[in-house]
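Enquirer: Take a look at this one; I'll ask things after.
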Amino acid sequence: MKILNHLPSGLQDVVYIVAGIFVAGFGLKSFLIPNTFLDGGVTGVCLLINELWHINLAVLIVLINIPFIIMGAYQINRKFAYKTLACIIGLAICLQFVTYPVITQDKLLVSLFGGFFLGIGIGLCMRGGCAIDGIEVLVLYTWKRSSFTVSEIILGMNTAIFLIAALKFGLPIGLYAMLTYYAATHTIAYVVEGIEEYTGVTIISGKSEDIKEKLVMHLGRGITIYKGERGFMKHSYDVSQDCDIVFTVITRLEVRKLKNVVYHIDPKAFVFTNTIKEAAGGVLKRHAGGHQG
């Protein structure tokens, strides 16, 4: 990752996409396809049709994703659509012509590691600015036109796939497909967000001045201050005092260190955290370990 950060952004995208294609191909051809295993999303639909009617998987991958690519051109932008088209064609070529070894026939290993490598491939392509599976675009389209949440839409689509798989190939295959999808989605989140997933930390303390100085001068963190009031307890509701509410953004690896610093200053401080999916600008650590600001 550090080496890629020194490359031009366009070249970075190409490296991510090419790597994603080959890793996704490895997950499919070395684990899922030889063992008649399924995944969720459009890839799962392609695998299901391939097993039912033996239509060439590479052709299915391209044809079934085309409507979603067109949809992506309108929902996101044409650049995204072109990159996604190139990515999907690349995956199809990889599936058709690249030879991968069959790693194992153990069903649990196939389910977990098939999903794991497929998730890495999808995540790398997403880092490159495109989608290797059209379900992301379909979810965005449906979400804007319905009252369902994104999670509910994905769950509904994949439930149908898993149900068909269970009815056609047996309940164990359907259950393994769910496990594969679970492994893939969590791997995607890790690849896209990285180990330095950002966490927002809010600190309410009567010793906010000392905490602010420690965070800025000793930990090198950027902070934002909200003006608030402390107090309003049940037995002293009328008693309150002004206070500074401190907010900062750190990586999840730094949460324990920050809490130790705060509680050393004020053991009674109120600290709560929330996950931030994306952050940029300000005083933030890059994935490469440097700073931006």
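FYI, nothing fancy with the structure tokens labels: chains A, B, ... in order, residues from 1 per chain, ligands from 1 as they appear.
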Determine which residues of region 136-259 of chain A DSSP labels as strand (DSSP E or B) from the backbone of this structure, then write them out as a PyMOL selection string.
Expert: chain A and resi 198-204+223-233+236-251
Enquirer: When you look at Leu138 (chain A) with a cut-off of 12 Å (counting only C-alpha atoms), what residues show up, excluding the ones that are within fewer than 6 positions of it in the same chain? I need them as a PyMOL selection string.
Expert: chain A and resi 41-42+64-76+131+144-145+150+153-154+157
Enquirer: Could you save the residues just selected, with C-alpha atoms, as a PDB file, in the first residue's frame?
Expert:
```
ATOM      1  CA  GLY A  41     -25.146 -10.540  -5.536  1.00  0.00           C
ATOM      2  CA  VAL A  42     -24.902 -10.589  -9.315  1.00  0.00           C
ATOM      3  CA  ILE A  64     -25.958  -9.816 -16.620  1.00  0.00           C
ATOM      4  CA  ASN A  65     -23.863  -6.879 -15.433  1.00  0.00           C
ATOM      5  CA  ILE A  66     -24.464  -4.717 -18.537  1.00  0.00           C
ATOM      6  CA  PRO A  67     -27.833  -3.297 -17.322  1.00  0.00           C
ATOM      7  CA  PHE A  68     -26.227  -2.349 -14.020  1.00  0.00           C
ATOM      8  CA  ILE A  69     -23.283  -0.703 -15.792  1.00  0.00           C
ATOM      9  CA  ILE A  70     -25.715   1.420 -17.816  1.00  0.00           C
ATOM     10  CA  MET A  71     -27.577   2.224 -14.611  1.00  0.00           C
ATOM     11  CA  GLY A  72     -24.279   3.213 -12.991  1.00  0.00           C
ATOM     12  CA  ALA A  73     -23.585   5.712 -15.766  1.00  0.00           C
ATOM     13  CA  TYR A  74     -26.750   7.575 -14.765  1.00  0.00           C
ATOM     14  CA  GLN A  75     -26.648   6.991 -11.012  1.00  0.00           C
ATOM     15  CA  ILE A  76     -22.939   7.750 -10.482  1.00  0.00           C
ATOM     16  CA  ALA A 131     -17.636  -2.294  -9.038  1.00  0.00           C
ATOM     17  CA  LYS A 144     -33.480   6.094  -3.975  1.00  0.00           C
ATOM     18  CA  ARG A 145     -36.907   4.892  -5.101  1.00  0.00           C
ATOM     19  CA  VAL A 150     -29.620  -0.551   1.779  1.00  0.00           C
ATOM     20  CA  ILE A 153     -32.460  -4.447  -0.136  1.00  0.00           C
ATOM     21  CA  ILE A 154     -29.264  -6.526  -0.176  1.00  0.00           C
ATOM     22  CA  MET A 157     -31.961  -9.985  -3.054  1.00  0.00           C
TER      23      MET A 157
END
```
Enquirer: List the neighbours of Gln96 (chain A) out to 10 Å using only C-alpha atoms; skip same-chain residues closer than 3 positions along the sequence, and give me the result as a PyMOL selection string.
Expert: chain A and resi 25+29+56-59+90-93+99
Enquirer: Please produce an output containing C-alpha atoms for each residue in the selection, written as a CSV table (one decimal), in the first residue's frame.
Expert:
```
chain,number,residue,atom,x,y,z
A,25,GLY,CA,-10.8,-15.1,-10.2
A,29,LYS,CA,-12.0,-20.8,-9.9
A,56,ASN,CA,-20.6,-20.0,-20.0
A,57,LEU,CA,-19.8,-18.2,-16.8
A,58,ALA,CA,-17.6,-15.6,-18.4
A,59,VAL,CA,-20.4,-14.6,-20.9
A,90,GLY,CA,-11.3,-8.3,-17.4
A,91,LEU,CA,-12.8,-10.7,-14.9
A,92,ALA,CA,-14.6,-12.6,-17.7
A,93,ILE,CA,-11.3,-12.9,-19.6
A,99,THR,CA,-5.8,-21.5,-15.1
```
Enquirer: Would you return as a VMD selection string the members of region 96-273 of chain A that DSSP assigns to alpha helix (DSSP H) on this structure's backbone?
Expert: chain A and resid 96 to 97 107 to 127 135 to 143 150 to 169 171 to 193 208 to 213 255 to 265
Enquirer: Could you tell me how far CA of Phe247 (chain A) lies from CA of Ile265 (chain A), in Å and to one decimal?
Expert: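 About the pair CA of Phe247 (chain A) and CA of Ile265 (chain A): they are 16.3 Å apart.
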Enquirer: Residues near Ile33 (chain A), anyone? I mean within 10 Å using only C-alpha atoms, not counting same-chain ones fewer than 5 positions away, as a PDB file with N, CA and C atoms, in the first residue's frame.
Expert:
```
ATOM      1  N   GLY A  27     -10.527 -16.739  -6.163  1.00  0.00           N
ATOM      2  CA  GLY A  27     -11.579 -17.164  -5.249  1.00  0.00           C
ATOM      3  C   GLY A  27     -12.655 -17.979  -5.946  1.00  0.00           C
ATOM      4  N   LEU A  28     -12.980 -17.581  -7.172  1.00  0.00           N
ATOM      5  CA  LEU A  28     -14.027 -18.288  -7.916  1.00  0.00           C
ATOM      6  C   LEU A  28     -13.535 -19.633  -8.454  1.00  0.00           C
ATOM      7  N   LEU A  38     -21.993 -21.182  -4.203  1.00  0.00           N
ATOM      8  CA  LEU A  38     -22.561 -19.925  -4.676  1.00  0.00           C
ATOM      9  C   LEU A  38     -22.170 -18.783  -3.755  1.00  0.00           C
ATOM     10  N   LEU A  47     -23.407 -17.552 -11.035  1.00  0.00           N
ATOM     11  CA  LEU A  47     -23.018 -18.904 -10.632  1.00  0.00           C
ATOM     12  C   LEU A  47     -24.226 -19.839 -10.615  1.00  0.00           C
ATOM     13  N   ASN A  50     -25.277 -20.609 -14.192  1.00  0.00           N
ATOM     14  CA  ASN A  50     -24.273 -21.509 -14.756  1.00  0.00           C
ATOM     15  C   ASN A  50     -24.495 -22.947 -14.307  1.00  0.00           C
ATOM     16  N   GLU A  51     -24.853 -23.133 -13.045  1.00  0.00           N
ATOM     17  CA  GLU A  51     -25.083 -24.479 -12.528  1.00  0.00           C
ATOM     18  C   GLU A  51     -26.390 -25.068 -13.049  1.00  0.00           C
ATOM     19  N   LEU A  57     -19.839 -19.129 -17.888  1.00  0.00           N
ATOM     20  CA  LEU A  57     -19.849 -18.173 -16.779  1.00  0.00           C
ATOM     21  C   LEU A  57     -19.273 -16.821 -17.187  1.00  0.00           C
ATOM     22  N   VAL A 102      -7.181 -26.047  -8.158  1.00  0.00           N
ATOM     23  CA  VAL A 102      -8.247 -26.298  -7.194  1.00  0.00           C
ATOM     24  C   VAL A 102      -7.590 -26.557  -5.842  1.00  0.00           C
ATOM     25  N   VAL A 110     -13.824 -24.177   1.596  1.00  0.00           N
ATOM     26  CA  VAL A 110     -14.274 -23.598   0.327  1.00  0.00           C
ATOM     27  C   VAL A 110     -15.164 -22.393   0.591  1.00  0.00           C
ATOM     28  N   GLY A 114     -13.231 -19.136  -0.167  1.00  0.00           N
ATOM     29  CA  GLY A 114     -13.793 -18.661  -1.426  1.00  0.00           C
ATOM     30  C   GLY A 114     -14.369 -17.270  -1.255  1.00  0.00           C
TER      31      GLY A 114
END
```
Enquirer: Write out as a list in words which residues come within 7 Å of region 221-224 of chain A when counting only C-alpha atoms, dropping same-chain ones fewer than 2 positions away.
Expert: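 Using only C-alpha atoms, the neighbours found are Leu215, Val216, Leu219, Tyr226, Val246, Phe247, Thr248 and Val283 of chain A.
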Enquirer: Once you have the residues from the selection above, write them out as a tab-separated table (two decimals), in the first residue's frame, restricted to N, CA and C atoms.
Expert:
```
chain	number	residue	atom	x	y	z
A	215	LEU	N	-4.20	16.16	24.02
A	215	LEU	CA	-4.53	15.63	22.69
A	215	LEU	C	-3.76	16.37	21.60
A	216	VAL	N	-3.68	17.67	21.71
A	216	VAL	CA	-3.05	18.47	20.65
A	216	VAL	C	-1.53	18.49	20.77
A	219	LEU	N	-0.27	14.26	21.69
A	219	LEU	CA	-0.69	13.20	20.76
A	219	LEU	C	-0.75	13.69	19.32
A	226	TYR	N	-17.10	21.76	21.06
A	226	TYR	CA	-18.50	22.18	21.13
A	226	TYR	C	-18.75	22.76	22.52
A	246	VAL	N	-15.17	17.92	23.72
A	246	VAL	CA	-14.05	17.72	22.81
A	246	VAL	C	-14.37	16.59	21.83
A	247	PHE	N	-14.15	16.85	20.55
A	247	PHE	CA	-14.36	15.83	19.52
A	247	PHE	C	-13.08	15.70	18.70
A	248	THR	N	-12.66	14.47	18.43
A	248	THR	CA	-11.50	14.23	17.59
A	248	THR	C	-11.70	12.96	16.79
A	283	VAL	N	-6.41	17.04	10.08
A	283	VAL	CA	-5.21	16.37	10.56
A	283	VAL	C	-5.54	14.90	10.73
```
Enquirer: Would you mind telling me which residue in A:Phe169, A:Tyr263, A:Tyr181, A:Phe97 lies nearest to Ile203 (chain A) when using only C-alpha atoms?
Expert: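 For Ile203 (chain A), the nearest of the given residues is A:Tyr263.
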